[in-house]
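**Q** Pasting a structure here, questions to come.
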Amino acid sequence: MASRQQARQQAASASARRRKGKRTVSEGVAYIRATFNNTMITIADPKGNVVAWSSAGAAGFKGSRKGTPFAAQVAAERAARMAIDMGMRSVTVFMKGPGAGRESAVRALGAAGFQVLAIKDVTPIPHNGCRPPKKRRV
């Protein structure tokens with residue numbers, strides 16, 4: 001019985017050691033991936049370690065509402081709040097994708113209290129690679 005209790009205490013102390021303390025990062029990088037169906041925001045420190053993330057789906061939107069600019073704004077506000085709690089003050093923004101939530105997500109990051117240092121579009125553009133999907137006939 002005593003050995004079982006000791007094993008529990010050792011496991012608890014090991015998990016406490018593994019648990020990270022509150023990191024304070026003053027400057028970071030925000031990655032915005034805006035697809036037609038969703039918008040994902042990831043905020044990382046300069047080394048690339050993820051500090052906070054959110055998406056329109058994680059913010060509670062479902063279906064076609066995830067692709068709206070408002071959903072992107074709410075997702076960006078959630079991610080920004082988490083990063084600001086860790087002490088982040090300024091971000092460099094990298095945007096990728098053709099979605100509707102691109103601009104509204106950047107605006108939301110600025111409104112949340114971040115100083116936006118730079119905005120860069122890193123959408124991959126093919127040099128005539130794969131054949132695109134056929135045009136929709138609605």
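Going through the structure tokens in order, the chains are called A, B, and so on, while each chain numbers its residues from 1 and the ligands are numbered from 1 in the order shown.
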Find the residues near A:Pro69: any atom within 9 Å, counting only C-alpha atoms, skip ones fewer than 5 places away on the same chain, and give them as a ChimeraX atom specification.

**A** /A:39,74,99-105

**Q** For A:Ile32, which residue among A:Gly48, A:Gly129, A:Gly97, A:Gly57 is the nearest when counting only C-alpha atoms?

**A** A:Gly97

**Q** Quick check, in Å to one decimal: how far apart do atom CA of A:Ala76 and atom CA of A:Arg33 lie?

**A** 11.1 Å

**Q** Could you list, as a ChimeraX atom specification, every residue within 9 Å of A:Asp121, counting only C-alpha atoms and ignoring same-chain residues fewer than 5 positions away?

**A** /A:93-97

**Q** A:Met82: which residues within 8 Å, counting only C-alpha atoms, same-chain residues fewer than 4 positions away excluded, as a ChimeraX atom specification?

**A** /A:51-52,78,86

**Q** Nearest to A:Val106 among A:Ser54, A:Ser26, A:Gln73, A:Asn37, with distances taken over only C-alpha atoms: which residue is it?

**A** A:Gln73
